[in-house]
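K.L.:
The file below is structure12.csv, CSV, C-alpha atoms and all ligand atoms:
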chain,number,residue,atom,x,y,z
L,1,GLU,CA,0.0,0.0,0.0
L,2,GLN,CA,2.9,2.3,0.9
L,3,LEU,CA,4.6,1.2,-2.4
L,4,ARG,CA,1.4,1.8,-4.3
L,5,ARG,CA,1.1,5.4,-3.0
L,6,ARG,CA,4.8,6.2,-3.6
L,7,LEU,CA,4.6,5.0,-7.2
L,8,GLN,CA,1.3,6.8,-7.7
L,9,ALA,CA,2.6,10.1,-6.3
L,10,MET,CA,5.8,10.2,-8.5
L,11,PRO,CA,5.7,12.6,-11.4
L,12,LYS,CA,6.3,10.7,-14.6
L,13,ALA,CA,6.2,10.9,-18.4
L,14,GLU,CA,4.5,8.3,-20.5
L,15,LEU,CA,6.3,7.7,-23.8
L,16,HIS,CA,4.6,4.5,-25.1
L,17,ILE,CA,0.9,4.6,-25.3
L,18,HIS,CA,-1.2,3.8,-28.4
L,19,ILE,CA,-4.2,6.0,-28.1
L,20,GLU,CA,-6.4,3.4,-29.9
L,21,GLY,CA,-5.3,1.0,-27.2
L,22,SER,CA,-6.8,3.3,-24.5
L,23,LEU,CA,-10.3,2.6,-25.9
L,24,GLU,CA,-12.1,0.9,-23.0
L,25,PRO,CA,-14.8,-1.6,-23.8
L,26,GLU,CA,-17.5,0.7,-22.4
L,27,LEU,CA,-16.5,3.5,-24.8
L,28,ILE,CA,-16.3,1.0,-27.7
L,29,PHE,CA,-19.9,0.1,-27.0
L,30,GLU,CA,-21.0,3.8,-26.5
L,31,LEU,CA,-19.3,4.8,-29.8
L,32,ALA,CA,-20.8,1.8,-31.7
L,33,GLN,CA,-24.2,2.8,-30.5
L,34,ARG,CA,-23.7,6.5,-31.4
L,35,ASN,CA,-22.5,5.5,-34.9
L,36,GLY,CA,-25.0,2.7,-35.6
L,37,ILE,CA,-22.3,0.1,-35.8
L,38,SER,CA,-23.0,-3.5,-34.8
L,39,LEU,CA,-20.3,-5.3,-32.9
L,40,ALA,CA,-19.3,-9.0,-33.0
L,41,TYR,CA,-19.8,-9.2,-29.2
L,42,PRO,CA,-23.2,-8.9,-27.3
L,43,SER,CA,-21.9,-7.0,-24.3
L,44,VAL,CA,-19.1,-5.1,-22.6
L,45,GLU,CA,-18.4,-8.2,-20.5
L,46,ALA,CA,-18.2,-10.5,-23.5
L,47,LEU,CA,-15.8,-8.2,-25.3
L,48,ARG,CA,-13.6,-7.9,-22.3
L,49,GLN,CA,-13.6,-11.7,-22.0
L,50,ALA,CA,-12.2,-11.9,-25.5
L,51,TYR,CA,-9.0,-10.1,-24.3
L,52,ASP,CA,-7.1,-13.3,-23.8
L,53,PHE,CA,-4.1,-13.1,-26.1
L,54,THR,CA,-1.5,-15.7,-27.1
L,55,ASP,CA,0.9,-13.3,-29.0
L,56,LEU,CA,1.1,-9.9,-30.6
L,57,GLN,CA,-1.0,-10.9,-33.6
L,58,SER,CA,-3.9,-12.3,-31.6
L,59,PHE,CA,-4.0,-8.9,-29.8
L,60,LEU,CA,-3.7,-6.8,-33.0
L,61,ASP,CA,-6.7,-8.5,-34.6
L,62,ILE,CA,-9.0,-7.5,-31.7
L,63,TYR,CA,-7.3,-4.1,-31.4
L,64,TYR,CA,-8.0,-3.2,-35.0
L,65,ALA,CA,-11.6,-4.4,-34.6
L,66,GLY,CA,-12.1,-2.2,-31.5
L,67,ALA,CA,-10.8,0.8,-33.4
L,68,SER,CA,-13.4,0.4,-36.1
L,69,VAL,CA,-16.0,2.2,-34.0
L,70,LEU,CA,-14.1,5.5,-34.4
L,71,LEU,CA,-15.7,7.5,-37.2
L,72,THR,CA,-16.1,11.2,-36.3
L,73,GLU,CA,-13.7,13.8,-35.0
L,74,GLN,CA,-15.7,13.8,-31.7
L,75,ASP,CA,-15.0,10.0,-31.3
L,76,PHE,CA,-11.3,10.6,-31.5
L,77,TYR,CA,-11.6,13.6,-29.2
L,78,ASP,CA,-13.6,11.6,-26.6
L,79,MET,CA,-11.1,8.7,-26.6
L,80,THR,CA,-8.1,11.0,-26.2
L,81,ALA,CA,-9.8,13.1,-23.5
L,82,ALA,CA,-10.5,9.9,-21.5
L,83,TYR,CA,-6.9,8.8,-21.7
L,84,LEU,CA,-5.5,12.2,-20.6
L,85,ARG,CA,-7.8,12.2,-17.6
L,86,ARG,CA,-6.6,8.8,-16.6
L,87,ALA,CA,-3.0,9.7,-17.1
L,88,ALA,CA,-3.3,12.8,-15.0
L,89,ALA,CA,-4.8,10.7,-12.2
L,90,ASP,CA,-1.6,8.6,-12.3
L,91,ASN,CA,0.5,11.7,-12.0
L,92,VAL,CA,1.7,11.6,-15.6
L,93,ARG,CA,2.9,15.1,-16.3
L,94,HIS,CA,3.6,14.7,-20.0
L,95,ALA,CA,2.6,12.0,-22.6
L,96,GLU,CA,3.9,11.3,-26.1
L,97,ILE,CA,1.0,9.6,-27.7
L,98,PHE,CA,1.1,7.2,-30.7
L,99,PHE,CA,-1.8,7.0,-33.1
L,100,ASP,CA,-2.2,4.8,-36.2
L,101,PRO,CA,-3.7,6.9,-39.0
L,102,GLN,CA,-3.7,3.9,-41.5
L,103,THR,CA,-6.0,2.0,-39.2
L,104,HIS,CA,-8.5,4.8,-39.9
L,105,THR,CA,-7.8,5.9,-43.5
L,106,ALA,CA,-8.0,2.3,-44.7
L,107,ARG,CA,-11.7,2.4,-43.4
L,108,GLY,CA,-12.4,5.6,-45.2
L,109,VAL,CA,-12.0,7.9,-42.2
L,110,PRO,CA,-10.1,10.9,-43.4
L,111,PHE,CA,-6.6,11.6,-41.9
L,112,GLY,CA,-7.8,15.0,-40.7
L,113,THR,CA,-10.7,13.6,-38.8
L,114,ALA,CA,-8.5,11.4,-36.7
L,115,ILE,CA,-5.6,13.8,-36.1
L,116,ASN,CA,-7.9,16.9,-35.5
L,117,GLY,CA,-9.9,15.1,-32.8
L,118,ILE,CA,-6.9,13.7,-31.0
L,119,TRP,CA,-5.0,17.0,-31.3
L,120,ARG,CA,-7.9,19.1,-29.9
L,121,ALA,CA,-8.1,16.9,-26.8
L,122,CYS,CA,-4.3,17.2,-26.3
L,123,GLN,CA,-4.6,21.0,-26.5
L,124,GLU,CA,-7.2,21.1,-23.8
L,125,GLY,CA,-5.1,19.2,-21.2
L,126,PRO,CA,-5.2,18.5,-18.3
L,127,ILE,CA,-1.6,17.4,-19.0
L,128,SER,CA,1.1,18.2,-21.5
L,129,ALA,CA,0.8,15.9,-24.6
L,130,SER,CA,2.3,15.5,-28.0
L,131,LEU,CA,1.7,13.2,-30.9
L,132,ILE,CA,3.7,10.6,-32.7
L,133,MET,CA,2.3,9.1,-35.9
L,134,CYS,CA,3.0,5.4,-36.4
L,135,PHE,CA,3.3,3.6,-39.6
L,136,LEU,CA,1.8,0.0,-39.8
L,137,ARG,CA,4.7,-2.2,-40.6
L,138,HIS,CA,2.6,-5.1,-42.0
L,139,LEU,CA,1.6,-2.7,-44.9
L,140,PRO,CA,4.0,-1.7,-47.8
L,141,GLU,CA,6.4,1.2,-47.4
L,142,GLU,CA,4.5,2.9,-50.2
L,143,ASP,CA,1.4,3.2,-48.0
L,144,ALA,CA,3.6,4.7,-45.2
L,145,LEU,CA,5.0,7.3,-47.7
L,146,ALA,CA,1.4,8.2,-48.8
L,147,THR,CA,0.5,8.6,-45.1
L,148,LEU,CA,3.4,10.9,-44.5
L,149,GLU,CA,2.2,13.0,-47.5
L,150,GLN,CA,-1.2,13.2,-46.0
L,151,ALA,CA,0.4,14.4,-42.7
L,152,LEU,CA,2.2,17.3,-44.3
L,153,PRO,CA,-0.7,19.9,-43.8
L,154,HIS,CA,-0.7,18.7,-40.1
L,155,ARG,CA,3.1,18.8,-39.7
L,156,ASP,CA,3.0,21.2,-36.7
L,157,LYS,CA,0.7,18.8,-34.8
L,158,LEU,CA,3.4,16.1,-34.8
L,159,ILE,CA,6.6,15.7,-32.9
L,160,GLY,CA,7.6,12.5,-34.5
L,161,VAL,CA,6.9,9.2,-36.3
L,162,GLY,CA,7.1,5.6,-35.2
L,163,LEU,CA,6.7,2.1,-36.4
L,164,ASP,CA,4.3,-0.5,-35.0
L,165,SER,CA,2.0,-3.5,-35.7
L,166,SER,CA,3.3,-7.0,-36.6
L,167,GLU,CA,7.0,-7.0,-36.0
L,168,VAL,CA,8.4,-10.4,-37.1
L,169,GLY,CA,8.9,-10.5,-40.9
L,170,HIS,CA,8.7,-6.7,-41.2
L,171,PRO,CA,12.2,-5.5,-40.2
L,172,PRO,CA,13.0,-1.8,-39.8
L,173,GLU,CA,14.9,-1.7,-43.1
L,174,LYS,CA,11.6,-2.0,-45.0
L,175,PHE,CA,10.9,1.6,-43.9
L,176,ALA,CA,14.2,3.2,-44.6
L,177,ARG,CA,12.9,5.7,-47.2
L,178,VAL,CA,9.9,6.9,-45.3
L,179,PHE,CA,12.0,7.4,-42.1
L,180,GLU,CA,14.6,9.3,-44.2
L,181,ARG,CA,11.9,11.6,-45.4
L,182,ALA,CA,10.5,12.1,-41.9
L,183,ARG,CA,14.0,13.0,-40.8
L,184,GLU,CA,14.3,15.6,-43.5
L,185,LEU,CA,11.1,17.1,-42.1
L,186,GLY,CA,12.7,17.5,-38.7
L,187,LEU,CA,10.5,14.9,-37.0
L,188,HIS,CA,11.7,12.8,-34.1
L,189,LEU,CA,12.0,9.1,-34.9
L,190,VAL,CA,11.1,6.0,-32.8
L,191,ALA,CA,10.3,2.4,-33.7
L,192,HIS,CA,9.0,-0.7,-32.0
L,193,ALA,CA,11.9,-3.2,-32.1
L,194,GLY,CA,12.8,-6.3,-30.0
L,195,GLU,CA,9.3,-6.9,-28.7
L,196,GLU,CA,8.8,-10.2,-30.5
L,197,GLY,CA,11.5,-9.6,-33.1
L,198,PRO,CA,15.2,-10.4,-32.7
L,199,PRO,CA,17.9,-8.0,-31.4
L,200,ALA,CA,19.0,-7.5,-35.0
L,201,TYR,CA,15.9,-5.4,-35.5
L,202,ILE,CA,17.0,-3.1,-32.7
L,203,ASP,CA,20.4,-2.7,-34.5
L,204,SER,CA,18.7,-1.9,-37.8
L,205,ALA,CA,16.2,0.5,-36.2
L,206,LEU,CA,19.3,2.4,-34.9
L,207,ASP,CA,21.6,2.1,-38.0
L,208,VAL,CA,19.1,2.3,-40.8
L,209,LEU,CA,16.2,4.3,-39.4
L,210,HIS,CA,18.3,6.5,-37.0
L,211,VAL,CA,15.7,6.2,-34.3
L,212,GLU,CA,16.1,8.1,-31.0
L,213,ARG,CA,14.3,5.7,-28.8
L,214,ILE,CA,13.5,2.0,-29.0
L,215,ASP,CA,9.9,1.0,-28.2
L,216,HIS,CA,10.0,-2.2,-26.1
L,217,GLY,CA,13.5,-3.4,-26.9
L,218,VAL,CA,13.4,-6.0,-24.1
L,219,ARG,CA,15.0,-8.7,-26.3
L,220,CYS,CA,18.2,-6.7,-26.4
L,221,LEU,CA,19.5,-8.8,-23.6
L,222,ASP,CA,20.0,-11.7,-26.1
L,223,ASP,CA,22.9,-9.7,-27.6
L,224,PRO,CA,25.6,-8.5,-25.1
L,225,GLN,CA,27.3,-6.4,-27.8
L,226,LEU,CA,24.0,-4.6,-28.4
L,227,VAL,CA,23.4,-4.0,-24.7
L,228,GLN,CA,26.9,-2.4,-24.5
L,229,ARG,CA,26.0,-0.1,-27.3
L,230,LEU,CA,22.6,0.8,-25.9
L,231,ALA,CA,24.1,1.6,-22.5
L,232,ARG,CA,26.9,3.7,-24.1
L,233,GLU,CA,24.5,5.7,-26.1
L,234,ARG,CA,22.0,6.0,-23.2
L,235,MET,CA,19.4,4.9,-25.7
L,236,ALA,CA,16.0,4.9,-24.1
L,237,LEU,CA,13.8,1.7,-24.1
L,238,THR,CA,10.1,2.3,-23.6
L,239,VAL,CA,9.3,-0.9,-21.7
L,240,CYS,CA,5.6,-2.0,-21.1
L,241,PRO,CA,5.5,-4.7,-18.4
L,242,LEU,CA,1.8,-5.7,-18.5
L,243,SER,CA,1.8,-5.8,-22.3
L,244,ASN,CA,4.8,-8.1,-22.2
L,245,ILE,CA,3.0,-10.5,-19.9
L,246,LYS,CA,-0.4,-10.4,-21.8
L,247,LEU,CA,1.3,-11.0,-25.1
L,248,ARG,CA,3.5,-13.7,-23.6
L,249,VAL,CA,6.9,-12.1,-24.3
L,250,PHE,CA,7.6,-13.3,-20.7
L,251,ASP,CA,5.6,-16.0,-18.9
L,252,VAL,CA,5.0,-14.2,-15.7
L,253,MET,CA,6.0,-10.8,-14.2
L,254,GLY,CA,8.5,-12.5,-12.0
L,255,SER,CA,10.5,-13.4,-15.1
L,256,HIS,CA,10.4,-9.9,-16.7
L,257,ASN,CA,13.8,-8.5,-17.4
L,258,LEU,CA,13.2,-4.9,-16.2
L,259,ARG,CA,15.6,-5.2,-13.3
L,260,ARG,CA,18.2,-6.7,-15.5
L,261,LEU,CA,17.9,-3.9,-18.1
L,262,LEU,CA,18.4,-1.3,-15.3
L,263,ASP,CA,21.4,-3.3,-13.9
L,264,ALA,CA,22.9,-3.3,-17.4
L,265,GLY,CA,22.9,0.6,-17.3
L,266,LEU,CA,20.1,0.9,-19.9
L,267,ALA,CA,17.7,3.9,-19.9
L,268,ALA,CA,14.6,1.9,-19.4
L,269,THR,CA,11.2,3.5,-18.8
L,270,VAL,CA,7.8,2.1,-17.8
L,271,ASN,CA,4.7,2.7,-19.9
L,272,SER,CA,1.3,1.2,-20.6
L,273,ASP,CA,1.2,0.4,-24.3
L,274,ASP,CA,-2.5,-0.4,-24.7
L,275,PRO,CA,-3.9,0.1,-21.3
L,276,ALA,CA,-7.5,-0.8,-22.0
L,277,TYR,CA,-6.4,-4.2,-23.3
L,278,PHE,CA,-3.5,-5.1,-21.0
L,279,GLY,CA,-5.0,-4.5,-17.6
L,280,GLY,CA,-4.0,-1.0,-16.6
L,281,TYR,CA,-2.6,2.4,-17.0
L,282,VAL,CA,1.0,3.5,-16.2
L,283,ASN,CA,0.8,3.2,-12.4
L,284,ALA,CA,-0.6,-0.3,-12.7
L,285,ASN,CA,2.5,-1.2,-14.8
L,286,TYR,CA,4.9,0.2,-12.2
L,287,LEU,CA,3.0,-1.6,-9.4
L,288,ALA,CA,2.9,-4.9,-11.2
L,289,ALA,CA,6.6,-4.8,-11.9
L,290,PHE,CA,7.6,-3.6,-8.4
L,291,GLU,CA,5.5,-6.3,-6.7
L,292,ALA,CA,7.0,-9.1,-8.8
L,293,LEU,CA,10.6,-8.0,-9.1
L,294,PRO,CA,13.4,-6.9,-6.8
L,295,LEU,CA,13.0,-3.2,-7.4
L,296,ASP,CA,13.2,-0.5,-4.7
L,297,GLU,CA,12.6,3.2,-4.2
L,298,ARG,CA,15.9,4.1,-6.1
L,299,HIS,CA,14.8,2.1,-9.1
L,300,ALA,CA,11.4,3.9,-9.1
L,301,ARG,CA,13.2,7.3,-9.0
L,302,GLN,CA,15.5,6.2,-11.8
L,303,LEU,CA,12.6,5.0,-14.0
L,304,ALA,CA,10.8,8.3,-13.6
L,305,VAL,CA,14.0,10.4,-14.3
L,306,ASN,CA,14.6,8.2,-17.3
L,307,SER,CA,11.1,9.0,-18.6
L,308,PHE,CA,11.7,12.7,-18.6
L,309,GLU,CA,15.3,12.4,-19.9
L,310,ALA,CA,14.0,10.4,-22.9
L,311,ALA,CA,11.1,12.7,-23.6
L,312,PHE,CA,11.1,15.0,-26.6
L,313,LEU,CA,11.0,18.1,-24.5
L,314,ASP,CA,13.4,21.0,-24.0
L,315,ALA,CA,15.6,20.9,-20.9
L,316,ASP,CA,13.7,23.6,-19.1
L,317,SER,CA,10.4,21.8,-19.5
L,318,LYS,CA,11.9,18.5,-18.2
L,319,ARG,CA,13.2,20.2,-15.1
L,320,ALA,CA,9.9,21.9,-14.5
L,321,PHE,CA,8.0,18.6,-14.7
L,322,LEU,CA,10.3,16.5,-12.5
P,1,LIG,C1,1.1,-2.6,-30.3
P,1,LIG,CL1,2.0,-3.9,-28.1
P,1,LIG,C2,2.1,-3.4,-29.7
P,1,LIG,N1,3.1,-3.8,-30.5
P,1,LIG,C3,3.1,-3.5,-31.8
P,1,LIG,N2,2.2,-2.7,-32.4
P,1,LIG,C4,1.2,-2.3,-31.6
P,1,LIG,N3,0.1,-1.5,-31.9
P,1,LIG,C5,-0.6,-1.3,-30.8
P,1,LIG,N4,0.0,-2.0,-29.8
P,2,ZN,ZN,3.4,-0.4,-28.5
Starting from the coordinates I provided, produce the structure as C-alpha cells.
Ligand code: ES4
Ligand code: ZN

P.N.:
Amino acid sequence: EQLRRRLQAMPKAELHIHIEGSLEPELIFELAQRNGISLAYPSVEALRQAYDFTDLQSFLDIYYAGASVLLTEQDFYDMTAAYLRRAAADNVRHAEIFFDPQTHTARGVPFGTAINGIWRACQEGPISASLIMCFLRHLPEEDALATLEQALPHRDKLIGVGLDSSEVGHPPEKFARVFERARELGLHLVAHAGEEGPPAYIDSALDVLHVERIDHGVRCLDDPQLVQRLARERMALTVCPLSNIKLRVFDVMGSHNLRRLLDAGLAATVNSDDPAYFGGYVNANYLAAFEALPLDERHARQLAVNSFEAAFLDADSKRAFL
C-alpha cells in the first residue's frame, strides 16, 4: 500500500501509449451505438472476456476491430480526453501519444478527422501531450509514404513518427525511405523493435532508421554487444511490463527483465502500451513490476527520471515537470 502510494505520487512521463489502445470496452460500445455500428460481441463483458491473447498478432486482430467504432472527430476527441484524464490521475505530467492513421484511413475515415480530434483533446489538457504518428509495418512502405504525404498539412501537430504492428517478418529496413523523409522534415524518430522480433531489428532501427528511442527493446539482452551499445548511447527503451505478460513475451511478471535492463545501465522507462487491453494504465504497470521484481525506491526514481530524460522536451520543461 505504501509502495502503491509512492509509485502513484511520483511525477512521470509516458512515452509509449497507443491512443487506440486506450479505448475501453465501455467506450467502444458507446461509440458503436452512437455511430450505428453492430459489434461482434453482445456485451461489454463478452468483449472484455475476448481479451485473452497468445501473442502480438492475436492482440492486434482485436485491437483493430475495436478501433473500427471510431468515425467522427468527436469520437477521436472523446477517446483521447478519457486517456488524458486517466494519465493525469496517475501523475503523468507529459505524454507522447502514438496514433495509427492507417487504421482509420483504410476504413475511409479521413486523416484530418483522426488527427484533429486527437489534437484538440491534447490542446485542452489537463496534462502536456504531444503526438507521434506510427506507420503500420505489415503494410507496404508505399502506404507509409502516402500517409506521410497526408500528414504534411498537419506537420505542426506532430513531434515524431514511429513504427508499430506485426514485427516479425517486417524489419526496420523495410521503412528506410519513409524514415529518411521524416528525418528531413525534422520529425523525431522512434520504432517498435525487439518486442517479439530479434535483437538484429534493434540494431537496424538504430543504424538504418536512426531512431532516438526503442519501443519495447526487451529482447536486447539476447545480444551482449547490443546491450553495451545501448548503454553507451543512453538509448531509451520504452518498456511496457503488463503488455509483455499479456502478449507472452515473458511467462509471468517475476521473469520480466526490467531489473536486468536497469542493472545493465540501460535507460529503461515504464509505460502502458495499450492500457484498455492489457489491464491497466501506467501506475498499474509500475506496481505490477515492483510487486513481482526486486525493485526499490531508487529504481522507481531512476525510471521516472529516465522517462523525462527520454522525452522529446526541451531541458527547461523537463526540469519543471520533475
Ligand atoms: C502494439 Cl503492443 C504493440 N506492438 C506493436 N504494435 C502495436 N500497436 C498497438 N499495440
Ligand atoms: Zn506499442

K.L.:
Just the residues within 8 Å of stretch 275-290 of chain L, please, counting all atoms listed in the file, with nothing from its chain fewer than 2 positions along; format it as a VMD selection string.

P.N.:
chain L and resid 3 to 4 7 to 8 14 17 21 to 25 51 86 to 87 90 240 to 243 246 253 to 254 256 258 270 to 273 292 to 296

K.L.:
Could you tell me how far atom CA of L:Arg298 sits from atom CL1 of ligand LIG 1 (chain P), in Å to one decimal place?

P.N.:
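Atom CA of L:Arg298 lies at a distance of 27.2 Å from atom CL1 of ligand LIG 1 (chain P).
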
K.L.:
Between L:Phe179, L:Tyr83, L:Tyr64, L:Phe111, single out the one closest to ligand LIG 1 (chain P), counting only C-alpha atoms and all ligand atoms.

P.N.:
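Among the listed residues, the smallest separation from ligand LIG 1 (chain P) belongs to L:Tyr64.
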
K.L.:
Throw together the list of residues within 9 Å of ligand LIG 1 (chain P), counting all atoms listed in the file, and drop it here as a count of residues only.

P.N.:
34

K.L.:
Could you jot down the atom CA of L:Phe29 to atom CA of L:Pro110 separation for me, Å, one decimal place?

P.N.:
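According to the coordinates, atom CA of L:Phe29 and atom CA of L:Pro110 are separated by 21.9 Å.
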
K.L.:
For L:His170, which of L:Arg234, L:His138, L:Lys157, L:Arg107 is the closest residue, counting only C-alpha atoms?

P.N.:
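Selected residue with least distance to L:His170: L:His138.
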